[in-house]
$ cat coords_8.txt   # compact mmCIF, C-alpha atoms and all ligand atoms
# COMPACT_ATOMS: atom_id res chain seq x y z
CA MET P 1 122.50 80.62 79.94
CA ALA P 2 120.34 79.37 77.09
CA PRO P 3 118.66 82.07 75.01
CA TRP P 4 115.24 81.42 76.58
CA GLN P 5 116.80 81.82 80.01
CA ARG P 6 118.30 85.14 79.02
CA LEU P 7 114.94 86.25 77.72
CA LEU P 8 113.17 85.18 80.91
CA ALA P 9 115.78 86.91 83.05
CA LEU P 10 115.33 90.08 81.01
CA VAL P 11 111.53 89.98 81.33
CA VAL P 12 111.82 89.39 85.05
CA ALA P 13 114.35 92.20 85.48
CA VAL P 14 112.00 94.59 83.70
CA ALA P 15 108.88 93.42 85.55
CA LEU P 16 110.39 93.45 89.02
CA PRO P 17 110.51 97.20 89.63
CA VAL P 18 107.01 97.62 88.23
CA PHE P 19 105.37 95.08 90.49
CA SER P 20 107.29 96.00 93.60
CA MET P 21 106.72 99.68 92.91
CA ALA P 22 106.52 101.96 95.88
CA ALA P 23 103.19 103.45 96.88
CA ASP P 24 102.12 106.97 97.71
CA ILE P 25 100.06 106.78 100.86
CA MET P 26 97.79 109.70 101.69
CA VAL P 27 97.91 110.21 105.42
CA GLY P 28 94.41 109.93 106.90
CA GLY P 29 92.99 108.88 103.54
CA SER P 30 91.49 111.21 100.97
CA THR P 31 88.52 112.22 103.16
CA ASP P 32 90.28 113.29 106.35
CA GLY P 33 93.76 114.07 105.12
CA TRP P 34 96.00 115.78 107.67
CA ARG P 35 94.07 117.65 110.37
CA PRO P 36 93.35 117.62 114.12
CA GLY P 37 90.60 115.39 115.48
CA VAL P 38 91.60 112.30 113.53
CA ASN P 39 92.94 109.25 115.32
CA TYR P 40 96.00 108.55 113.15
CA THR P 41 96.98 105.64 115.37
CA GLU P 42 93.77 103.93 114.41
CA TRP P 43 94.25 104.89 110.77
CA ALA P 44 97.83 103.55 110.68
CA GLU P 45 96.75 100.24 112.18
CA GLY P 46 95.03 99.35 108.91
CA MET P 47 98.04 100.30 106.80
CA GLU P 48 101.36 98.84 105.79
CA PHE P 49 104.36 101.07 105.26
CA ILE P 50 107.28 99.74 103.27
CA VAL P 51 110.67 101.29 102.53
CA GLY P 52 110.34 103.23 99.28
CA ASP P 53 106.74 104.27 99.94
CA ARG P 54 105.95 107.94 100.32
CA LEU P 55 103.66 109.54 102.86
CA VAL P 56 101.62 112.37 101.39
CA PHE P 57 100.30 114.90 103.89
CA SER P 58 97.40 116.78 102.33
CA TYR P 59 95.85 119.91 103.90
CA PRO P 60 95.00 123.51 103.06
CA ALA P 61 98.38 125.29 102.93
CA GLY P 62 98.83 127.64 105.88
CA LEU P 63 96.49 125.78 108.23
CA HIS P 64 98.92 123.02 109.14
CA ASN P 65 102.45 121.78 108.62
CA VAL P 66 104.45 118.58 108.91
CA ILE P 67 107.46 118.15 111.15
CA THR P 68 109.46 114.94 111.41
CA VAL P 69 110.24 114.50 115.09
CA ASP P 70 111.67 111.97 117.52
CA GLU P 71 109.75 109.90 120.04
CA GLU P 72 110.13 112.40 122.88
CA ALA P 73 108.88 115.35 120.83
CA PHE P 74 106.02 113.18 119.60
CA ARG P 75 104.99 112.24 123.14
CA SER P 76 105.18 115.78 124.48
CA CYS P 77 103.87 117.41 121.29
CA SER P 78 106.77 119.86 121.34
CA ALA P 79 108.80 120.15 118.16
CA PRO P 80 112.40 121.33 118.70
CA ALA P 81 112.92 125.05 118.08
CA GLY P 82 113.95 125.66 114.48
CA ALA P 83 112.74 122.26 113.31
CA ASN P 84 112.27 122.03 109.58
CA ALA P 85 108.56 122.11 108.73
CA LEU P 86 106.95 121.13 105.44
CA VAL P 87 104.28 123.67 104.54
CA SER P 88 103.15 123.14 100.94
CA GLY P 89 99.80 121.52 101.76
CA HIS P 90 100.80 118.52 99.67
CA ASP P 91 103.94 117.31 101.35
CA ALA P 92 105.54 114.05 100.28
CA VAL P 93 107.90 112.34 102.68
CA SER P 94 109.96 109.42 101.40
CA LEU P 95 110.26 106.46 103.73
CA ASN P 96 113.92 105.78 103.08
CA SER P 97 114.61 103.41 105.92
CA SER P 98 112.81 100.86 108.02
CA GLY P 99 111.86 101.42 111.64
CA ARG P 100 109.66 103.75 113.64
CA LYS P 101 108.95 107.31 112.42
CA TRP P 102 107.11 110.16 114.10
CA TYR P 103 105.41 113.21 112.57
CA MET P 104 103.42 116.07 114.03
CA CYS P 105 101.75 119.32 113.12
CA GLY P 106 103.54 122.25 114.72
CA LYS P 107 100.63 124.70 114.52
CA ALA P 108 98.96 125.82 117.78
CA ASP P 109 97.71 122.84 119.80
CA HIS P 110 96.92 120.66 116.79
CA CYS P 111 99.32 117.92 117.87
CA SER P 112 97.62 117.44 121.23
CA LYS P 113 94.32 117.42 119.38
CA GLY P 114 95.48 114.33 117.58
CA GLN P 115 97.41 115.70 114.59
CA ARG P 116 100.40 113.43 115.00
CA LEU P 117 101.40 110.20 113.35
CA LEU P 118 103.55 107.27 114.42
CA ILE P 119 104.35 104.54 111.90
CA ASP P 120 106.52 101.46 111.63
CA VAL P 121 108.21 101.15 108.26
CA MET P 122 108.98 97.63 107.13
CA PRO P 123 111.96 96.59 105.01
CA LEU P 124 111.13 95.95 101.37
CA VAL P 125 112.15 92.32 101.36
CA THR P 126 111.77 90.23 104.47
CA VAL P 127 111.39 86.98 102.59
CA TYR P 128 114.96 85.94 103.37
CA SER P 129 114.67 86.72 107.04
CA THR P 130 113.56 84.09 109.52
CA SER P 131 111.43 86.60 111.38
CA THR P 132 107.80 85.75 111.94
CA SER P 133 106.79 89.12 110.56
CA ALA P 134 107.11 87.85 107.00
CA ARG P 135 105.08 90.04 104.73
CA THR P 136 101.95 88.75 103.09
CA ASP P 137 100.94 91.77 101.04
CA PRO P 138 100.68 91.32 97.26
CA ARG P 139 103.62 93.53 96.42
CA SER P 140 106.14 91.64 98.55
CA ALA P 141 104.59 88.30 97.69
CA PHE P 142 105.16 89.08 94.04
CA THR P 143 108.68 90.32 94.75
CA ALA P 144 109.37 87.06 96.57
CA LEU P 145 108.02 85.02 93.69
CA ILE P 146 110.11 86.93 91.16
CA SER P 147 113.19 86.60 93.35
CA ALA P 148 112.66 82.86 93.52
CA VAL P 149 112.35 82.67 89.73
CA LEU P 150 115.50 84.75 89.32
CA LEU P 151 117.46 82.53 91.67
CA PHE P 152 116.28 79.48 89.76
CA VAL P 153 117.15 80.91 86.34
CA MET P 154 120.52 82.46 87.10
CA PRO P 155 123.52 80.19 86.64
C1 LIG P 201 93.17 106.10 119.01
O1 LIG P 201 93.02 104.76 118.64
C2 LIG P 201 93.84 103.88 119.39
C3 LIG P 201 93.74 102.51 118.75
O2 LIG P 201 92.41 102.18 118.43
C4 LIG P 201 93.41 103.91 120.84
O3 LIG P 201 94.21 103.02 121.60
C5 LIG P 201 93.56 105.33 121.36
O4 LIG P 201 93.08 105.41 122.68
C6 LIG P 201 92.82 106.31 120.48
N1 LIG P 201 93.16 107.66 120.88
C7 LIG P 201 92.27 108.58 121.14
C8 LIG P 201 92.80 109.91 121.54
O5 LIG P 201 91.06 108.36 121.07
C1 LIG P 202 115.16 110.21 101.18
O1 LIG P 202 116.07 110.09 100.12
C2 LIG P 202 115.95 111.13 99.17
C3 LIG P 202 116.86 110.79 98.00
O2 LIG P 202 118.14 110.38 98.44
C4 LIG P 202 116.31 112.45 99.83
O3 LIG P 202 116.18 113.50 98.91
C5 LIG P 202 115.34 112.69 100.98
O4 LIG P 202 115.69 113.84 101.70
C6 LIG P 202 115.33 111.51 101.93
N1 LIG P 202 114.24 111.70 102.87
C7 LIG P 202 114.38 111.50 104.17
C8 LIG P 202 113.15 111.73 104.97
O5 LIG P 202 115.44 111.17 104.68
CU CU P 203 97.72 121.45 112.21

$ encode --input "coords_8.txt" --output "structure tokens"
Amino acid sequence: MAPWQRLLALVVAVALPVFSMAADIMVGGSTDGWRPGVNYTEWAEGMEFIVGDRLVFSYPAGLHNVITVDEEAFRSCSAPAGANALVSGHDAVSLNSSGRKWYMCGKADHCSKGQRLLIDVMPLVTVYSTSTSARTDPRSAFTALISAVLLFVMP
């Protein structure tokens, strides 16, 4: 590589993680947060979840909790006995893998009052896939651009 190519590759390598940085997503937004009586299906429809993002469940500690469940528990609003609940009131959950995830509040009848969340987490880079679900959001568009530059520059 010529020196300018090395420099460009270095700049790109440094910039990449910054521009494709994961987001913290507050569940329900900052007004509603995590509580019964919110339609989280509707809320999630306007959102994009990407591997590496974190969900942040915000609520007054003690009033609610957050349990990661499977589809069946989600449907029936019945968390398995002894399920691990997050209780801090500001619970961050890392989205480590793509695919469907389910969460519910395990307090009283909150789940059946709407306090449950289903999301579809997308892979970070779908630019190389032939799927029609290619991402168009700025983060992945920038990642794709940078990747293209890298591929061009590298010997
Ligand atoms: C929540 O919103 C979704 C999508 O708009 C809708 O299909 C569903 O019926 C709503 N649920 C409730 C309990 O209102
Ligand atoms: C995600 O990965 C981190 C770091 O490896 C780990 O601490 C955490 O428990 C994982 N979260 C989930 C929901 O699997
Ligand atoms: Cu609750």

$ atom_distance --input "coords_8.txt" --atom1 "CA of Arg35 in chain P" --atom2 "atom C3 of ligand LIG 202 (chain P)"
26.8 Å

$ residues_around --input "coords_8.txt" --residues "Ala73 in chain P" --least-positions-apart "5" --cutoff "12 Å" --atoms "only C-alpha atoms" --output "VMD selection string"
chain P and resid 67 to 68 78 to 81 83 101 to 106 111 to 112 116 to 118

$ atom_distance --input "coords_8.txt" --atom1 "atom C4 of ligand LIG 202 (chain P)" --atom2 "CA of Glu72 in chain P"
23.9 Å

$ atom_distance --input "coords_8.txt" --atom1 "CA of Val66 in chain P" --atom2 "atom C4 of ligand LIG 201 (chain P)"
21.9 Å

$ residues_near_ligand --input "coords_8.txt" --ligand "ligand LIG 201 (chain P)" --cutoff "8 Å" --atoms "only C-alpha atoms and all ligand atoms" --output "list of chain:residue names"
P:Asn39, P:Tyr40, P:Thr41, P:Glu42, P:Trp43, P:Glu45, P:Lys113, P:Gly114

$ write_last_selection --input "coords_8.txt" --atoms "C-alpha atoms" --output "PDB file, keeping the file's coordinate frame"
ATOM      1  CA  ASN P  39      92.940 109.250 115.320  1.00  0.00           C
ATOM      2  CA  TYR P  40      96.000 108.550 113.150  1.00  0.00           C
ATOM      3  CA  THR P  41      96.980 105.640 115.370  1.00  0.00           C
ATOM      4  CA  GLU P  42      93.770 103.930 114.410  1.00  0.00           C
ATOM      5  CA  TRP P  43      94.250 104.890 110.770  1.00  0.00           C
ATOM      6  CA  GLU P  45      96.750 100.240 112.180  1.00  0.00           C
ATOM      7  CA  LYS P 113      94.320 117.420 119.380  1.00  0.00           C
ATOM      8  CA  GLY P 114      95.480 114.330 117.580  1.00  0.00           C
TER       9      GLY P 114
END

$ closest_residue --input "coords_8.txt" --among "P:Val153, P:Val125, P:Ala108, P:Ala92" --to "ligand LIG 202 (chain P)" --atoms "all atoms listed in the file"
P:Ala92

$ closest_residue --input "coords_8.txt" --among "P:Val93, P:Ile119, P:Leu124, P:Met21" --to "ligand LIG 202 (chain P)" --atoms "all atoms listed in the file"
P:Val93

$ residues_near_ligand --input "coords_8.txt" --ligand "ligand LIG 202 (chain P)" --cutoff "7 Å" --atoms "only C-alpha atoms and all ligand atoms" --output "number ranges by chain"
P: 93-96

$ decode --input "coords_8.txt" --residues "range 66-100 of chain P" --atoms "N, CA and C atoms" --output "PDB file, in the first residue's frame"
ATOM      1  N   VAL P  66     -38.417  -6.452  34.533  1.00  0.00           N
ATOM      2  CA  VAL P  66     -38.222  -6.840  33.134  1.00  0.00           C
ATOM      3  C   VAL P  66     -37.764  -8.287  33.089  1.00  0.00           C
ATOM      4  N   ILE P  67     -38.535  -9.117  32.414  1.00  0.00           N
ATOM      5  CA  ILE P  67     -38.161 -10.517  32.275  1.00  0.00           C
ATOM      6  C   ILE P  67     -38.075 -10.851  30.791  1.00  0.00           C
ATOM      7  N   THR P  68     -36.945 -11.429  30.403  1.00  0.00           N
ATOM      8  CA  THR P  68     -36.798 -11.909  29.024  1.00  0.00           C
ATOM      9  C   THR P  68     -37.473 -13.274  28.945  1.00  0.00           C
ATOM     10  N   VAL P  69     -38.429 -13.397  28.052  1.00  0.00           N
ATOM     11  CA  VAL P  69     -39.202 -14.641  27.973  1.00  0.00           C
ATOM     12  C   VAL P  69     -39.190 -15.202  26.550  1.00  0.00           C
ATOM     13  N   ASP P  70     -39.845 -16.351  26.391  1.00  0.00           N
ATOM     14  CA  ASP P  70     -39.982 -16.912  25.046  1.00  0.00           C
ATOM     15  C   ASP P  70     -41.378 -16.569  24.516  1.00  0.00           C
ATOM     16  N   GLU P  71     -41.641 -17.001  23.301  1.00  0.00           N
ATOM     17  CA  GLU P  71     -42.881 -16.610  22.641  1.00  0.00           C
ATOM     18  C   GLU P  71     -44.113 -17.073  23.417  1.00  0.00           C
ATOM     19  N   GLU P  72     -44.057 -18.301  23.921  1.00  0.00           N
ATOM     20  CA  GLU P  72     -45.204 -18.870  24.631  1.00  0.00           C
ATOM     21  C   GLU P  72     -45.521 -18.077  25.904  1.00  0.00           C
ATOM     22  N   ALA P  73     -44.473 -17.781  26.685  1.00  0.00           N
ATOM     23  CA  ALA P  73     -44.668 -17.001  27.908  1.00  0.00           C
ATOM     24  C   ALA P  73     -45.178 -15.602  27.577  1.00  0.00           C
ATOM     25  N   PHE P  74     -44.700 -15.066  26.479  1.00  0.00           N
ATOM     26  CA  PHE P  74     -45.145 -13.743  26.026  1.00  0.00           C
ATOM     27  C   PHE P  74     -46.635 -13.761  25.715  1.00  0.00           C
ATOM     28  N   ARG P  75     -47.052 -14.766  24.940  1.00  0.00           N
ATOM     29  CA  ARG P  75     -48.459 -14.874  24.549  1.00  0.00           C
ATOM     30  C   ARG P  75     -49.367 -15.014  25.758  1.00  0.00           C
ATOM     31  N   SER P  76     -48.959 -15.885  26.678  1.00  0.00           N
ATOM     32  CA  SER P  76     -49.823 -16.215  27.815  1.00  0.00           C
ATOM     33  C   SER P  76     -49.576 -15.288  29.000  1.00  0.00           C
ATOM     34  N   CYS P  77     -48.610 -14.398  28.878  1.00  0.00           N
ATOM     35  CA  CYS P  77     -48.266 -13.489  29.976  1.00  0.00           C
ATOM     36  C   CYS P  77     -47.929 -14.253  31.251  1.00  0.00           C
ATOM     37  N   SER P  78     -47.259 -15.381  31.120  1.00  0.00           N
ATOM     38  CA  SER P  78     -46.863 -16.129  32.316  1.00  0.00           C
ATOM     39  C   SER P  78     -45.375 -16.446  32.255  1.00  0.00           C
ATOM     40  N   ALA P  79     -44.600 -15.693  33.022  1.00  0.00           N
ATOM     41  CA  ALA P  79     -43.161 -15.927  33.079  1.00  0.00           C
ATOM     42  C   ALA P  79     -42.914 -17.245  33.809  1.00  0.00           C
ATOM     43  N   PRO P  80     -41.912 -18.018  33.381  1.00  0.00           N
ATOM     44  CA  PRO P  80     -41.586 -19.264  34.071  1.00  0.00           C
ATOM     45  C   PRO P  80     -41.207 -18.985  35.531  1.00  0.00           C
ATOM     46  N   ALA P  81     -41.575 -19.908  36.432  1.00  0.00           N
ATOM     47  CA  ALA P  81     -41.212 -19.751  37.834  1.00  0.00           C
ATOM     48  C   ALA P  81     -39.694 -19.630  37.955  1.00  0.00           C
ATOM     49  N   GLY P  82     -39.250 -18.702  38.777  1.00  0.00           N
ATOM     50  CA  GLY P  82     -37.818 -18.538  38.997  1.00  0.00           C
ATOM     51  C   GLY P  82     -37.097 -17.806  37.886  1.00  0.00           C
ATOM     52  N   ALA P  83     -37.851 -17.242  36.942  1.00  0.00           N
ATOM     53  CA  ALA P  83     -37.212 -16.493  35.858  1.00  0.00           C
ATOM     54  C   ALA P  83     -36.463 -15.298  36.431  1.00  0.00           C
ATOM     55  N   ASN P  84     -35.335 -15.008  35.793  1.00  0.00           N
ATOM     56  CA  ASN P  84     -34.501 -13.900  36.247  1.00  0.00           C
ATOM     57  C   ASN P  84     -35.132 -12.561  35.850  1.00  0.00           C
ATOM     58  N   ALA P  85     -35.430 -11.735  36.834  1.00  0.00           N
ATOM     59  CA  ALA P  85     -36.045 -10.432  36.549  1.00  0.00           C
ATOM     60  C   ALA P  85     -35.053  -9.310  36.810  1.00  0.00           C
ATOM     61  N   LEU P  86     -35.058  -8.334  35.934  1.00  0.00           N
ATOM     62  CA  LEU P  86     -34.280  -7.112  36.154  1.00  0.00           C
ATOM     63  C   LEU P  86     -35.168  -6.137  36.927  1.00  0.00           C
ATOM     64  N   VAL P  87     -34.606  -5.495  37.945  1.00  0.00           N
ATOM     65  CA  VAL P  87     -35.453  -4.733  38.872  1.00  0.00           C
ATOM     66  C   VAL P  87     -34.928  -3.334  39.204  1.00  0.00           C
ATOM     67  N   SER P  88     -33.876  -2.889  38.519  1.00  0.00           N
ATOM     68  CA  SER P  88     -33.209  -1.655  38.952  1.00  0.00           C
ATOM     69  C   SER P  88     -34.006  -0.375  38.658  1.00  0.00           C
ATOM     70  N   GLY P  89     -34.956  -0.468  37.707  1.00  0.00           N
ATOM     71  CA  GLY P  89     -35.661   0.743  37.300  1.00  0.00           C
ATOM     72  C   GLY P  89     -34.988   1.435  36.128  1.00  0.00           C
ATOM     73  N   HIS P  90     -33.763   0.991  35.838  1.00  0.00           N
ATOM     74  CA  HIS P  90     -33.053   1.504  34.664  1.00  0.00           C
ATOM     75  C   HIS P  90     -32.249   0.330  34.103  1.00  0.00           C
ATOM     76  N   ASP P  91     -32.970  -0.591  33.508  1.00  0.00           N
ATOM     77  CA  ASP P  91     -32.377  -1.865  33.121  1.00  0.00           C
ATOM     78  C   ASP P  91     -31.974  -1.855  31.660  1.00  0.00           C
ATOM     79  N   ALA P  92     -30.688  -2.079  31.420  1.00  0.00           N
ATOM     80  CA  ALA P  92     -30.192  -2.138  30.047  1.00  0.00           C
ATOM     81  C   ALA P  92     -30.054  -3.593  29.624  1.00  0.00           C
ATOM     82  N   VAL P  93     -30.592  -3.896  28.468  1.00  0.00           N
ATOM     83  CA  VAL P  93     -30.493  -5.244  27.913  1.00  0.00           C
ATOM     84  C   VAL P  93     -29.797  -5.159  26.567  1.00  0.00           C
ATOM     85  N   SER P  94     -28.651  -5.829  26.452  1.00  0.00           N
ATOM     86  CA  SER P  94     -27.901  -5.813  25.193  1.00  0.00           C
ATOM     87  C   SER P  94     -28.534  -6.739  24.179  1.00  0.00           C
ATOM     88  N   LEU P  95     -28.695  -6.243  22.974  1.00  0.00           N
ATOM     89  CA  LEU P  95     -29.223  -7.072  21.893  1.00  0.00           C
ATOM     90  C   LEU P  95     -28.033  -7.718  21.192  1.00  0.00           C
ATOM     91  N   ASN P  96     -27.671  -8.899  21.687  1.00  0.00           N
ATOM     92  CA  ASN P  96     -26.443  -9.555  21.245  1.00  0.00           C
ATOM     93  C   ASN P  96     -26.594 -10.367  19.972  1.00  0.00           C
ATOM     94  N   SER P  97     -27.824 -10.654  19.607  1.00  0.00           N
ATOM     95  CA  SER P  97     -28.015 -11.495  18.426  1.00  0.00           C
ATOM     96  C   SER P  97     -29.249 -11.018  17.669  1.00  0.00           C
ATOM     97  N   SER P  98     -29.300 -11.390  16.401  1.00  0.00           N
ATOM     98  CA  SER P  98     -30.454 -10.986  15.610  1.00  0.00           C
ATOM     99  C   SER P  98     -31.607 -11.950  15.856  1.00  0.00           C
ATOM    100  N   GLY P  99     -32.790 -11.562  15.437  1.00  0.00           N
ATOM    101  CA  GLY P  99     -33.960 -12.415  15.597  1.00  0.00           C
ATOM    102  C   GLY P  99     -34.984 -11.805  16.530  1.00  0.00           C
ATOM    103  N   ARG P 100     -36.014 -12.587  16.816  1.00  0.00           N
ATOM    104  CA  ARG P 100     -37.130 -12.085  17.619  1.00  0.00           C
ATOM    105  C   ARG P 100     -36.847 -12.238  19.115  1.00  0.00           C
TER     106      ARG P 100
END
